[in-house]
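*Asks:* What follows is query-v9.cif, mmCIF, C-alpha atoms.
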```
data_protein
#
loop_
_atom_site.label_atom_id
_atom_site.label_comp_id
_atom_site.auth_asym_id
_atom_site.auth_seq_id
_atom_site.Cartn_x
_atom_site.Cartn_y
_atom_site.Cartn_z
CA MET A 1 32.47 36.88 60.24
CA ILE A 2 29.40 35.00 59.06
CA VAL A 3 30.50 32.42 56.58
CA LEU A 4 27.83 29.80 56.98
CA LEU A 5 25.24 32.05 55.37
CA ALA A 6 27.23 32.46 52.23
CA ASP A 7 25.44 29.71 50.36
CA LYS A 8 26.13 29.25 46.72
CA PRO A 9 23.90 31.26 44.43
CA GLU A 10 22.69 28.16 42.62
CA GLN A 11 20.79 27.15 45.69
CA ALA A 12 18.25 29.73 44.76
CA SER A 13 17.76 28.26 41.34
CA MET A 14 17.31 24.74 42.64
CA SER A 15 13.82 25.51 43.70
CA THR A 16 11.86 26.43 40.68
CA ILE A 17 8.46 25.05 41.42
CA LEU A 18 5.86 27.69 41.62
CA LYS A 19 3.13 28.20 44.09
CA PRO A 20 -0.26 28.73 42.51
CA ASP A 21 -1.82 32.12 43.00
CA ASN A 22 -5.21 30.62 43.57
CA GLU A 23 -5.23 26.87 43.48
CA GLU A 24 -8.82 26.66 44.69
CA ILE A 25 -10.02 28.20 41.48
CA PHE A 26 -7.86 26.29 39.10
CA PRO A 27 -5.14 23.75 39.71
CA LYS A 28 -1.93 24.72 38.05
CA TRP A 29 1.28 22.97 37.22
CA PHE A 30 4.72 24.25 37.45
CA VAL A 31 7.90 23.36 35.79
CA LYS A 32 11.10 22.63 37.58
CA ARG A 33 14.45 23.50 36.18
CA ARG A 34 13.75 25.74 33.23
CA ASN A 35 13.91 29.31 34.29
CA TYR A 36 11.74 30.54 31.54
CA VAL A 37 9.10 28.07 30.47
CA ALA A 38 7.07 30.34 28.29
CA PRO A 39 7.39 34.05 27.82
CA ASN A 40 4.35 35.96 29.04
CA SER A 41 2.76 32.97 30.67
CA THR A 42 0.28 33.66 33.44
CA VAL A 43 0.27 30.06 34.65
CA PHE A 44 4.02 29.55 34.51
CA PRO A 45 5.33 32.85 35.77
CA ASP A 46 8.95 33.88 35.87
CA ILE A 47 10.52 31.46 38.29
CA THR A 48 13.73 33.34 38.71
CA VAL A 49 12.05 35.63 41.20
CA PHE A 50 10.89 34.74 44.70
CA SER A 51 7.60 36.08 45.96
CA GLY A 52 7.59 39.08 48.26
CA ASP A 53 6.51 36.89 51.17
CA ILE A 54 9.53 34.63 50.78
CA ILE A 55 11.87 37.56 50.44
CA ASP A 56 10.43 39.05 53.64
CA LEU A 57 11.01 35.76 55.45
CA LEU A 58 14.56 35.50 54.14
CA GLN A 59 15.32 39.05 55.20
CA LYS A 60 13.90 38.43 58.64
CA LEU A 61 15.88 35.22 58.88
CA ASN A 62 19.08 37.02 58.00
CA SER A 63 18.33 39.61 60.67
CA PHE A 64 18.56 36.85 63.29
CA THR A 65 22.32 36.87 62.85
CA SER A 66 22.45 40.14 64.72
CA LEU A 67 20.64 38.81 67.80
CA LYS A 68 22.82 38.68 70.90
CA TYR A 69 22.68 36.60 74.03
CA ASN A 70 19.64 37.51 76.13
CA TRP A 71 17.88 38.96 73.09
CA ASP A 72 14.51 38.35 74.76
CA SER A 73 15.62 39.72 78.13
CA TYR A 74 15.05 36.25 79.60
CA GLY A 75 18.39 34.72 78.80
CA ALA A 76 17.65 33.44 75.30
CA ILE A 77 20.50 32.05 73.23
CA PRO A 78 20.93 33.69 69.81
CA PRO A 79 19.99 31.48 66.86
CA SER A 80 22.90 29.38 65.75
CA LEU A 81 24.33 29.86 62.30
CA MET A 82 23.53 26.21 61.63
CA SER A 83 19.86 26.82 62.44
CA ILE A 84 19.71 29.93 60.32
CA ARG A 85 21.49 28.27 57.43
CA ASN A 86 19.22 25.23 57.43
CA ALA A 87 16.09 27.35 57.68
CA ARG A 88 17.35 29.47 54.84
CA ARG A 89 18.07 26.43 52.71
CA PHE A 90 14.59 25.13 53.42
CA LEU A 91 13.05 28.40 52.23
CA PHE A 92 15.18 28.45 49.09
CA LYS A 93 14.34 24.87 48.27
CA ASN A 94 10.63 25.19 48.88
CA ALA A 95 9.99 28.82 48.05
CA ASN A 96 7.75 27.99 45.16
CA VAL A 97 6.16 24.80 46.38
CA SER A 98 2.55 25.07 47.37
CA LEU A 99 3.17 25.71 51.04
CA PRO A 100 1.53 28.48 53.07
CA PHE A 101 4.59 30.08 54.66
CA TYR A 102 3.50 32.28 57.52
CA PHE A 103 6.40 33.52 59.56
CA VAL A 104 9.85 32.75 60.88
CA SER A 105 11.05 33.30 64.43
CA PRO A 106 14.05 32.63 66.62
CA GLY A 107 13.74 30.20 69.52
CA ILE A 108 15.16 30.68 72.96
CA ASN A 109 17.52 27.70 72.67
CA GLY A 110 19.28 28.77 69.50
CA GLU A 111 16.80 27.19 67.12
CA VAL A 112 14.85 28.79 64.28
CA MET A 113 11.19 28.04 63.67
CA ILE A 114 9.31 28.41 60.40
CA GLU A 115 5.56 28.39 60.74
CA LEU A 116 3.12 27.54 57.98
CA ASN A 117 -0.55 28.30 58.32
CA LYS A 118 -3.63 27.74 56.25
CA ASP A 119 -7.20 27.79 57.54
CA GLN A 120 -7.35 25.41 60.51
CA LYS A 121 -4.03 23.79 59.68
CA ALA A 122 -0.60 24.82 60.84
CA ALA A 123 2.88 23.41 60.83
CA GLU A 124 6.00 24.30 62.75
CA ILE A 125 9.41 23.28 61.56
CA TYR A 126 12.24 23.65 64.02
CA PHE A 127 15.81 23.93 62.83
CA ASN A 128 17.94 23.11 65.82
CA PRO A 129 21.50 24.23 66.57
CA ASP A 130 22.77 20.65 66.30
CA GLY A 131 21.49 20.42 62.71
CA SER A 132 18.46 18.30 63.56
CA GLU A 133 14.95 19.24 62.49
CA GLU A 134 11.52 18.69 63.97
CA LEU A 135 8.15 18.94 62.32
CA LEU A 136 4.87 19.47 64.17
CA LEU A 137 1.53 19.48 62.40
CA TYR A 138 -1.55 21.04 63.95
CA GLU A 139 -5.18 20.83 63.01
CA ASN A 140 -7.72 22.89 64.92
CA ASN A 141 -4.98 23.73 67.42
CA ASN A 142 -4.36 20.05 68.18
CA CYS A 143 -0.97 18.56 67.44
CA ILE A 144 -1.63 15.62 65.14
CA LEU A 145 1.91 14.74 64.16
CA GLU A 146 5.35 15.22 65.61
CA LYS A 147 8.40 13.82 63.94
CA GLU A 148 12.11 14.39 63.97
CA ASP A 149 13.08 13.01 60.60
CA VAL A 150 12.04 15.70 58.18
CA SER A 151 14.12 14.57 55.24
CA SER A 152 11.05 14.54 53.00
CA TYR A 153 8.40 17.21 53.07
CA THR A 154 5.90 15.24 51.04
CA ASP A 155 3.72 14.83 54.13
CA LEU A 156 3.78 18.54 54.67
CA ILE A 157 2.74 19.34 51.12
CA GLU A 158 -0.02 16.74 51.24
CA PHE A 159 -1.19 18.05 54.60
CA PHE A 160 -1.82 21.54 53.29
CA ASN A 161 -3.10 20.50 49.88
CA GLU A 162 -5.32 17.54 50.65
CA MET B 1 -14.75 12.31 14.90
CA THR B 2 -12.47 14.40 17.06
CA PRO B 3 -14.32 15.88 20.00
CA LYS B 4 -14.50 19.66 20.16
CA LYS B 5 -12.97 19.58 23.59
CA LEU B 6 -11.04 16.70 25.12
CA PRO B 7 -12.65 15.72 28.43
CA TYR B 8 -9.28 15.24 30.12
CA ALA B 9 -7.27 17.66 28.05
CA PRO B 10 -3.70 18.13 29.30
CA LEU B 11 -3.70 21.79 28.30
CA GLN B 12 -2.36 24.02 31.02
CA GLU B 13 -2.08 27.27 29.15
CA VAL B 14 -2.51 28.62 25.67
CA ILE B 15 -0.82 31.91 24.91
CA PHE B 16 -1.27 34.12 21.91
CA GLU B 17 1.25 36.92 21.80
CA GLY B 18 1.52 39.71 19.25
CA LYS B 19 4.29 42.29 19.14
CA TRP B 20 4.19 45.26 16.86
CA GLU B 21 6.94 47.36 15.38
CA LEU B 22 8.26 50.12 17.58
CA SER B 23 9.65 53.52 16.71
CA ILE B 24 13.10 54.76 17.55
CA ASP B 25 13.07 57.53 20.09
CA PRO B 26 15.40 60.23 18.70
CA HIS B 27 16.54 61.30 22.17
CA THR B 28 17.18 57.99 23.88
CA LYS B 29 17.91 56.00 20.69
CA THR B 30 15.73 53.24 22.07
CA PHE B 31 12.71 51.50 20.62
CA VAL B 32 9.47 52.92 21.98
CA ASP B 33 5.73 52.67 21.47
CA PRO B 34 5.00 56.40 21.31
CA GLU B 35 1.21 56.04 21.48
CA TYR B 36 1.30 53.60 24.39
CA PRO B 37 0.29 55.99 27.23
CA PHE B 38 -2.81 57.11 25.32
CA ALA B 39 -3.60 53.75 23.78
CA LEU B 40 -3.63 52.13 27.23
CA GLY B 41 -6.66 54.17 28.27
CA LYS B 42 -8.51 53.52 25.04
CA PHE B 43 -7.73 49.82 25.12
CA GLN B 44 -8.73 49.41 28.74
CA GLN B 45 -12.00 51.20 28.11
CA SER B 46 -12.80 48.89 25.22
CA ILE B 47 -12.36 45.73 27.29
CA ASN B 48 -13.39 46.99 30.71
CA SER B 49 -16.89 45.53 30.66
CA LYS B 50 -15.58 41.98 30.15
CA PHE B 51 -12.22 42.33 31.89
CA PRO B 52 -12.78 44.67 34.82
CA VAL B 53 -10.06 43.31 37.13
CA TYR B 54 -6.86 45.20 36.52
CA LYS B 55 -3.39 44.28 37.75
CA VAL B 56 0.00 45.79 37.12
CA LYS B 57 2.80 43.27 36.60
CA ILE B 58 5.67 45.69 36.91
CA PRO B 59 5.96 48.21 39.73
CA GLY B 60 5.25 51.81 38.84
CA GLY B 61 7.95 54.37 38.33
CA ILE B 62 9.76 52.55 35.57
CA PRO B 63 9.71 54.62 32.36
CA PHE B 64 7.63 52.86 29.72
CA GLN B 65 10.46 53.40 27.27
CA MET B 66 12.33 50.73 29.21
CA LEU B 67 9.52 48.21 29.01
CA SER B 68 9.27 47.70 25.27
CA HIS B 69 7.61 44.44 24.29
CA GLN B 70 6.96 43.50 27.91
CA PRO B 71 3.43 43.04 29.23
CA VAL B 72 2.87 45.54 31.99
CA HIS B 73 -0.87 45.41 32.56
CA GLN B 74 -3.15 42.44 33.09
CA PHE B 75 -6.90 42.48 32.59
CA TRP B 76 -8.84 39.63 34.19
CA SER B 77 -12.54 38.85 33.93
CA LYS B 78 -12.51 38.08 37.68
CA ASP B 79 -9.69 37.84 40.14
CA GLY B 80 -7.73 34.71 39.32
CA ILE B 81 -10.12 33.63 36.58
CA TRP B 82 -8.80 33.11 33.07
CA PRO B 83 -8.73 34.25 30.29
CA VAL B 84 -6.33 37.12 30.82
CA ILE B 85 -5.35 39.88 28.46
CA GLN B 86 -1.89 41.37 28.95
CA TYR B 87 -0.77 44.60 27.41
CA GLY B 88 2.40 46.63 27.36
CA PRO B 89 4.38 48.86 25.02
CA GLY B 90 4.30 47.08 21.67
CA VAL B 91 2.80 43.85 22.94
CA VAL B 92 -0.51 42.22 23.65
CA THR B 93 -1.13 38.67 24.83
CA LEU B 94 -4.16 36.53 25.43
CA ASN B 95 -3.77 33.72 27.94
CA ASP B 96 -6.26 31.00 28.76
CA THR B 97 -6.39 27.64 30.46
CA GLU B 98 -8.08 24.35 29.76
CA LYS B 99 -11.07 25.18 31.91
CA ASN B 100 -12.47 27.73 29.47
CA TYR B 101 -10.66 26.88 26.31
CA THR B 102 -12.29 25.98 23.06
CA TRP B 103 -10.82 27.40 19.90
CA GLU B 104 -13.95 28.17 17.98
CA ASP B 105 -16.16 29.40 20.77
CA THR B 106 -13.88 31.24 23.13
CA PHE B 107 -10.22 31.69 22.30
CA PHE B 108 -10.27 32.63 18.64
CA PRO B 109 -13.19 35.08 18.92
CA LEU B 110 -11.57 36.72 21.91
CA ALA B 111 -8.20 36.93 20.16
CA LYS B 112 -9.87 38.60 17.18
CA ASP B 113 -11.70 41.08 19.43
CA THR B 114 -8.52 41.83 21.34
CA LEU B 115 -6.58 42.56 18.18
CA LEU B 116 -9.40 44.75 16.91
CA ASN B 117 -9.44 46.66 20.19
CA ILE B 118 -5.68 47.14 20.00
CA LYS B 119 -5.98 48.37 16.45
CA ASN B 120 -8.69 50.83 17.43
CA ALA B 121 -6.63 52.12 20.36
CA TYR B 122 -3.93 53.35 18.01
CA SER B 123 -4.19 56.14 15.48
CA THR B 124 -1.60 54.56 13.18
CA GLU B 125 -1.70 51.16 11.50
CA LEU B 126 0.24 48.66 13.56
CA ALA B 127 2.68 46.28 11.91
CA PHE B 128 2.94 43.05 13.87
CA ILE B 129 6.51 41.82 13.55
CA SER B 130 6.56 38.92 16.01
CA TYR B 131 3.68 36.67 17.01
CA THR B 132 3.32 33.29 18.65
CA LEU B 133 0.59 30.85 19.45
CA ARG B 134 1.84 28.53 22.20
CA TYR B 135 0.23 25.52 23.82
CA ILE B 136 1.65 24.14 27.06
CA ASP B 137 0.46 20.67 27.98
CA VAL B 138 1.19 18.77 31.16
CA VAL B 139 0.41 15.33 32.53
CA ASN B 140 1.12 13.92 35.96
CA ILE B 141 2.99 10.65 35.59
CA LYS B 142 1.08 9.11 38.49
CA ASN B 143 -1.86 8.78 36.10
CA TYR B 144 0.24 6.69 33.72
CA LYS B 145 2.38 3.61 33.77
CA PHE B 146 5.79 4.92 34.65
CA THR B 147 9.10 3.22 35.21
CA ASN B 148 11.56 5.80 33.92
CA TRP B 149 11.52 8.90 31.74
CA MET B 150 13.06 7.29 28.71
CA ASP B 151 10.42 4.58 28.60
CA PHE B 152 7.67 7.07 29.34
CA VAL B 153 8.61 9.16 26.33
CA LYS B 154 9.01 6.09 24.12
CA GLU B 155 5.64 4.68 25.14
CA ASN B 156 3.62 7.87 24.86
CA ILE B 157 5.27 10.21 22.40
CA ASN B 158 6.08 9.71 18.75
CA VAL B 159 9.76 10.51 19.02
CA GLU B 160 12.82 8.31 19.26
CA PHE B 161 14.66 8.69 22.53
CA ASN B 162 17.83 6.66 22.96
CA ASN B 163 21.22 7.16 24.49
CA ASN B 164 23.88 5.18 22.71
CA PHE B 165 26.05 5.17 25.77
CA ILE B 166 25.74 3.68 29.21
CA PRO B 167 23.99 6.25 31.39
CA PRO B 168 25.96 6.93 34.55
CA GLY B 169 22.72 6.97 36.55
CA PRO B 170 18.97 7.33 36.25
CA LEU B 171 17.75 10.11 33.98
CA SER B 172 16.40 12.82 36.25
CA GLN B 173 15.92 15.78 33.94
CA PHE B 174 15.57 16.25 30.22
CA ASN B 175 14.58 18.91 27.77
CA PHE B 176 14.28 18.51 24.01
CA GLU B 177 13.55 21.39 21.72
CA GLN B 178 13.06 21.19 18.00
CA THR B 179 12.16 24.01 15.63
CA PHE B 180 10.79 23.40 12.15
CA GLU B 181 10.42 25.85 9.32
CA ILE B 182 6.90 26.06 7.94
CA ASN B 183 6.54 28.20 4.88
CA GLU B 184 2.99 29.30 5.43
CA VAL B 185 3.26 30.40 9.02
CA GLY B 186 6.88 30.71 10.14
CA THR B 187 8.33 28.20 12.57
CA LEU B 188 6.96 25.42 14.71
CA GLU B 189 8.72 24.75 18.01
CA ILE B 190 8.13 21.48 19.79
CA SER B 191 9.63 20.82 23.19
CA PHE B 192 9.47 18.05 25.75
CA SER B 193 10.71 18.21 29.30
CA ASN B 194 10.01 16.91 32.75
CA GLY B 195 9.38 18.83 35.93
CA GLN B 196 7.50 18.90 39.16
CA ASP B 197 4.18 20.38 40.07
CA HIS B 198 3.36 22.48 43.09
CA LYS B 199 2.98 19.29 45.11
CA ASN B 200 6.45 18.15 44.10
CA GLU B 201 4.99 15.41 41.91
CA GLU B 202 6.67 14.47 38.67
CA ILE B 203 5.10 15.82 35.49
CA PHE B 204 5.73 15.60 31.77
CA ILE B 205 5.51 18.86 29.87
CA TRP B 206 5.33 19.44 26.18
CA GLN B 207 4.86 22.61 24.22
CA ASN B 208 3.87 23.36 20.67
CA ALA B 209 4.41 26.90 19.53
CA VAL B 210 3.97 28.43 16.11
CA SER B 211 5.72 31.74 15.56
CA GLY B 212 5.98 34.21 12.71
CA LYS B 213 8.09 37.25 12.07
CA ASN B 214 6.89 38.63 8.74
CA ALA B 215 5.24 42.00 9.20
CA LEU B 216 1.44 41.61 9.24
CA THR B 217 -1.50 43.92 9.64
CA CYS B 218 -4.06 43.24 12.30
CA GLU B 219 -6.37 41.49 9.84
CA GLU B 220 -3.52 39.42 8.42
CA LEU B 221 -2.55 38.39 11.92
CA VAL B 222 -6.05 37.07 12.55
CA SER B 223 -5.72 34.96 9.43
CA TRP B 224 -2.26 33.77 10.52
CA LEU B 225 -3.63 32.83 13.92
CA SER B 226 -6.18 30.55 12.35
CA LYS B 227 -3.49 28.78 10.33
CA ALA B 228 -1.19 28.54 13.34
CA HIS B 229 -3.92 26.87 15.32
CA GLY B 230 -4.34 24.31 12.57
CA PHE B 231 -0.67 23.38 12.78
CA CYS B 232 -0.66 23.20 16.57
CA SER B 233 -3.80 21.08 16.62
CA ASN B 234 -2.47 18.63 14.05
CA ILE B 235 0.94 18.30 15.60
CA PHE B 236 -0.59 17.69 19.02
CA LYS B 237 -2.45 14.70 17.65
CA GLU B 238 0.57 13.45 15.73
CA ILE B 239 2.93 13.72 18.67
CA CYS B 240 0.78 11.68 21.02
CA LYS B 241 0.66 7.92 20.63
CA LYS B 242 -2.82 6.48 20.45
CA ASP B 243 -3.15 5.27 24.03
CA PHE B 244 -1.73 8.51 25.33
CA TYR B 245 -4.15 10.55 23.24
CA ASP B 246 -7.02 8.30 24.27
CA SER B 247 -6.22 9.04 27.91
CA PHE B 248 -7.39 12.59 27.24
CA ILE B 249 -10.73 11.27 26.04
CA SER B 250 -11.54 8.66 28.68
CA ARG B 251 -9.92 7.13 31.76
#
```
Please, can you express the file's structure as structure tokens?

*Replies:*
Amino acid sequence: MIVLLADKPEQASMSTILKPDNEEIFPKWFVKRRNYVAPNSTVFPDITVFSGDIIDLLQKLNSFTSLKYNWDSYGAIPPSLMSIRNARRFLFKNANVSLPFYFVSPGINGEVMIELNKDQKAAEIYFNPDGSEELLLYENNNCILEKEDVSSYTDLIEFFNE
Amino acid sequence: MTPKKLPYAPLQEVIFEGKWELSIDPHTKTFVDPEYPFALGKFQQSINSKFPVYKVKIPGGIPFQMLSHQPVHQFWSKDGIWPVIQYGPGVVTLNDTEKNYTWEDTFFPLAKDTLLNIKNAYSTELAFISYTLRYIDVVNIKNYKFTNWMDFVKENINVEFNNNFIPPGPLSQFNFEQTFEINEVGTLEISFSNGQDHKNEEIFIWQNAVSGKNALTCEELVSWLSKAHGFCSNIFKEICKKDFYDSFISR
């Protein structure tokens, strides 16, 4: 029985900051908290709905719960429920922040990795079975930052939006 | 003299929305825009040269009878470039951002043209029964002196903001909405709130929206729109304290 994934519904509504459709063309602002800033807005869209990309990632993440031991045929450990839960919470919380989510994958040691990618920049966030997190930032395929305390993602947002 | 366009205007989006009266479908007993499927083609043709990029907001397969007063189609001049015209059964909107916006030169003429094109797309005279002109303004607090939200509002906005009790902690979120009756145009809604932008930075948001609900013809709605703009423009200046307003002129 998977109980750790049964997060409260309000977790979805905590993250109500929207990702711009095309921030290069015009910088846009987004409103936290109110679910419906302005009817028929094209800058402040309906924030009660996640984008298709995020939904795909969440669905893929949930599918990791069905992975068994040796899922890669090389003895990999299935992702822990802690890893899946924390990755899921991260997606919920940041679904509408301006971050270029790319894909999510299981690791061989029970961790879950979310990758972000934009032009020559990439980031990997590891959600480990013991509840710890690691962040790695890459630029032109070179790792430029590695840190274990990922309590604030301000660096990450700045990295992709600078 | 007030400049035609504020150099550092906080405007994020201006939305004009017009909804017209729908008919009752005798079979489904729901409100429908019976001419909508045919009017869509005529309307799109009339704006296609200026707004060639077409997007559908709502996935296909949903009967249009279920989408009354909801924009379904978007018409962009270029992909991701405002202004945008949105159209659906019984509704049309015009959305623009600060980058292009001036009332006299761009927004108002386009709103008039859009309403005329809607009128021409229908064989019957439309009665607009709900219409709004809404301005959404935003500033990033990092560009201002900021210690807390209560002081920020007191220092920049012409409203009183006091709690006559001891707050249990720092104010993290607020939202004030006020609606005023205005005989000539309908109602004026003013709201203030805080939020975060796409970089997770704190922002202050305020909206001025004038709305009407008396049935108007297309031509009357154009006249209403002009009056509504006057109210929004005046209230914007009156809401902002001098230094705050001046920050939109020079920095």

*Asks:* Select, as an MDAnalysis selection string, those residues of chain B with any atom no more than 7 Å from chain A (distances computed using all atoms listed in the file).

*Replies:* chainID B and resid 13 15 80 95 195:199

*Asks:* Apply the PyMOL selection byres ((chain A and resi 110) around 12) to the file shown and report the selected residues as an MDAnalysis selection string.

*Replies:* chainID A and resid 64:65 67:72 75:84 105:109 111:113 126:131

*Asks:* Can I get the selected residues back with C-alpha atoms, as a PDB file, keeping the file's coordinate frame?

*Replies:*
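Written out: result_21.pdb:
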```
ATOM      1  CA  PHE A  64      18.560  36.850  63.290  1.00  0.00           C
ATOM      2  CA  THR A  65      22.320  36.870  62.850  1.00  0.00           C
ATOM      3  CA  LEU A  67      20.640  38.810  67.800  1.00  0.00           C
ATOM      4  CA  LYS A  68      22.820  38.680  70.900  1.00  0.00           C
ATOM      5  CA  TYR A  69      22.680  36.600  74.030  1.00  0.00           C
ATOM      6  CA  ASN A  70      19.640  37.510  76.130  1.00  0.00           C
ATOM      7  CA  TRP A  71      17.880  38.960  73.090  1.00  0.00           C
ATOM      8  CA  ASP A  72      14.510  38.350  74.760  1.00  0.00           C
ATOM      9  CA  GLY A  75      18.390  34.720  78.800  1.00  0.00           C
ATOM     10  CA  ALA A  76      17.650  33.440  75.300  1.00  0.00           C
ATOM     11  CA  ILE A  77      20.500  32.050  73.230  1.00  0.00           C
ATOM     12  CA  PRO A  78      20.930  33.690  69.810  1.00  0.00           C
ATOM     13  CA  PRO A  79      19.990  31.480  66.860  1.00  0.00           C
ATOM     14  CA  SER A  80      22.900  29.380  65.750  1.00  0.00           C
ATOM     15  CA  LEU A  81      24.330  29.860  62.300  1.00  0.00           C
ATOM     16  CA  MET A  82      23.530  26.210  61.630  1.00  0.00           C
ATOM     17  CA  SER A  83      19.860  26.820  62.440  1.00  0.00           C
ATOM     18  CA  ILE A  84      19.710  29.930  60.320  1.00  0.00           C
ATOM     19  CA  SER A 105      11.050  33.300  64.430  1.00  0.00           C
ATOM     20  CA  PRO A 106      14.050  32.630  66.620  1.00  0.00           C
ATOM     21  CA  GLY A 107      13.740  30.200  69.520  1.00  0.00           C
ATOM     22  CA  ILE A 108      15.160  30.680  72.960  1.00  0.00           C
ATOM     23  CA  ASN A 109      17.520  27.700  72.670  1.00  0.00           C
ATOM     24  CA  GLU A 111      16.800  27.190  67.120  1.00  0.00           C
ATOM     25  CA  VAL A 112      14.850  28.790  64.280  1.00  0.00           C
ATOM     26  CA  MET A 113      11.190  28.040  63.670  1.00  0.00           C
ATOM     27  CA  TYR A 126      12.240  23.650  64.020  1.00  0.00           C
ATOM     28  CA  PHE A 127      15.810  23.930  62.830  1.00  0.00           C
ATOM     29  CA  ASN A 128      17.940  23.110  65.820  1.00  0.00           C
ATOM     30  CA  PRO A 129      21.500  24.230  66.570  1.00  0.00           C
ATOM     31  CA  ASP A 130      22.770  20.650  66.300  1.00  0.00           C
ATOM     32  CA  GLY A 131      21.490  20.420  62.710  1.00  0.00           C
TER      33      GLY A 131
END
```

*Asks:* Could you check how far CA of Ala95 (chain A) sits from CA of Leu57 (chain A), in Å to one decimal?

*Replies:*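 A separation of 10.2 Å between them.
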
*Asks:* Find the residues near Leu126 (chain B): any atom within 8 Å, counting only C-alpha atoms, skip ones fewer than 2 places away on the same chain, and give them as a list in words.

*Replies:*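 Here the qualifying residues turn out to be Trp20, Glu21, Lys119, Tyr122, Thr124, Phe128, Thr217 and Cys218 of chain B.
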
*Asks:* Within 8 Å of Ile54 (chain A), counting all atoms listed in the file, which residues qualify if same-chain residues fewer than 4 places away don't, as a list in words?

*Replies:*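 Skipping anything fewer than 4 positions along the chain leaves Phe50, Leu58, Leu91, Ala95 and Phe101 of chain A.
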
*Asks:* If we count all atoms listed in the file and set the cut-off at 12 Å, which residues sit around region 231-239 of chain B, ignoring sequence neighbours fewer than 3 positions away in its own chain? Please answer as a PyMOL selection string.

*Replies:* chain B and resi 2+4-6+9-11+14+102-103+132-137+153-160+180-192+206-211+224-228+242-246+248

*Asks:* Would you mind reading off the distance between CA of Val53 (chain B) and CA of Tyr8 (chain B), one decimal, in Å?

*Replies:*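 Computing it gives 28.9 Å between the two atoms.
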
*Asks:* What residues come out when you apply the PyMOL selection byres ((chain A and resi 116) around 6) to this file, written as a compact mmCIF listing (two decimals) with C-alpha atoms, in the coordinates of the input?

*Replies:*
```
# COMPACT_ATOMS: atom_id res chain seq x y z
CA PRO A 100 1.53 28.48 53.07
CA PHE A 101 4.59 30.08 54.66
CA TYR A 102 3.50 32.28 57.52
CA GLU A 115 5.56 28.39 60.74
CA ASN A 117 -0.55 28.30 58.32
CA ALA A 122 -0.60 24.82 60.84
CA ALA A 123 2.88 23.41 60.83
```

*Asks:* Applied to the shown file, which residues does the PyMOL selection byres ((chain B and resi 114) around 10) return, written as a PyMOL selection string?

*Replies:* chain B and resi 43+46-47+85+92-94+108-113+115-120

*Asks:* The selected residues should be written to file as an mmCIF file, in the frame of the given file (atoms: C-alpha atoms).

*Replies:*
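And here's out.cif as it stands now:
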```
data_model
loop_
_atom_site.group_PDB
_atom_site.id
_atom_site.type_symbol
_atom_site.label_atom_id
_atom_site.label_comp_id
_atom_site.auth_asym_id
_atom_site.auth_seq_id
_atom_site.Cartn_x
_atom_site.Cartn_y
_atom_site.Cartn_z
ATOM 1 C CA PHE B 43 -7.730 49.820 25.120
ATOM 2 C CA SER B 46 -12.800 48.890 25.220
ATOM 3 C CA ILE B 47 -12.360 45.730 27.290
ATOM 4 C CA ILE B 85 -5.350 39.880 28.460
ATOM 5 C CA VAL B 92 -0.510 42.220 23.650
ATOM 6 C CA THR B 93 -1.130 38.670 24.830
ATOM 7 C CA LEU B 94 -4.160 36.530 25.430
ATOM 8 C CA PHE B 108 -10.270 32.630 18.640
ATOM 9 C CA PRO B 109 -13.190 35.080 18.920
ATOM 10 C CA LEU B 110 -11.570 36.720 21.910
ATOM 11 C CA ALA B 111 -8.200 36.930 20.160
ATOM 12 C CA LYS B 112 -9.870 38.600 17.180
ATOM 13 C CA ASP B 113 -11.700 41.080 19.430
ATOM 14 C CA LEU B 115 -6.580 42.560 18.180
ATOM 15 C CA LEU B 116 -9.400 44.750 16.910
ATOM 16 C CA ASN B 117 -9.440 46.660 20.190
ATOM 17 C CA ILE B 118 -5.680 47.140 20.000
ATOM 18 C CA LYS B 119 -5.980 48.370 16.450
ATOM 19 C CA ASN B 120 -8.690 50.830 17.430
#
```

*Asks:* Within 9 Å of (7.3, 13.2, 34.6) (file coordinates; all atoms listed in the file), which protein or nucleic acid residues are there? I'd like them as a PyMOL selection string.

*Replies:* chain B and resi 138-142+146+148-149+152+193-196+201-205

*Asks:* Around all the atoms of region 72-84 of chain A listed in the file, with 4 Å of room on each side, what axis-aligned box do you get, giving centre and edge lengths in Å to one decimal, as AutoDock Vina command-line options?

*Replies:*
```
--center_x 19.4 --center_y 33.0 --center_z 70.0 --size_x 17.8 --size_y 21.5 --size_z 27.3
```

*Asks:* I'd like the interatomic distance between CA of Glu35 (chain B) and CA of Phe51 (chain B), to a tenth of an Å.

*Replies:*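 Result for CA of Glu35 (chain B) versus CA of Phe51 (chain B): 21.8 Å, one decimal.
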
*Asks:* Applying 12 Å and only C-alpha atoms, which residues near Ser49 (chain B) remain after dropping the ones on its own chain fewer than 6 positions away? List them as an mmCIF file with C-alpha atoms, in the frame of the given file.

*Replies:*
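File produced: selection-v7.cif:
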```cif
data_model
loop_
_atom_site.group_PDB
_atom_site.id
_atom_site.type_symbol
_atom_site.label_atom_id
_atom_site.label_comp_id
_atom_site.auth_asym_id
_atom_site.auth_seq_id
_atom_site.Cartn_x
_atom_site.Cartn_y
_atom_site.Cartn_z
ATOM 1 C CA PHE B 43 -7.730 49.820 25.120
ATOM 2 C CA PHE B 75 -6.900 42.480 32.590
ATOM 3 C CA TRP B 76 -8.840 39.630 34.190
ATOM 4 C CA SER B 77 -12.540 38.850 33.930
ATOM 5 C CA LYS B 78 -12.510 38.080 37.680
#
```

*Asks:* Could you name the residues that touch region 27-32 of chain B at 12 Å or less, counting only C-alpha atoms, but leaving out those on the same chain fewer than 3 positions away, as a ChimeraX atom specification?

*Replies:* /B:20-24,35-37,63-70,88-91
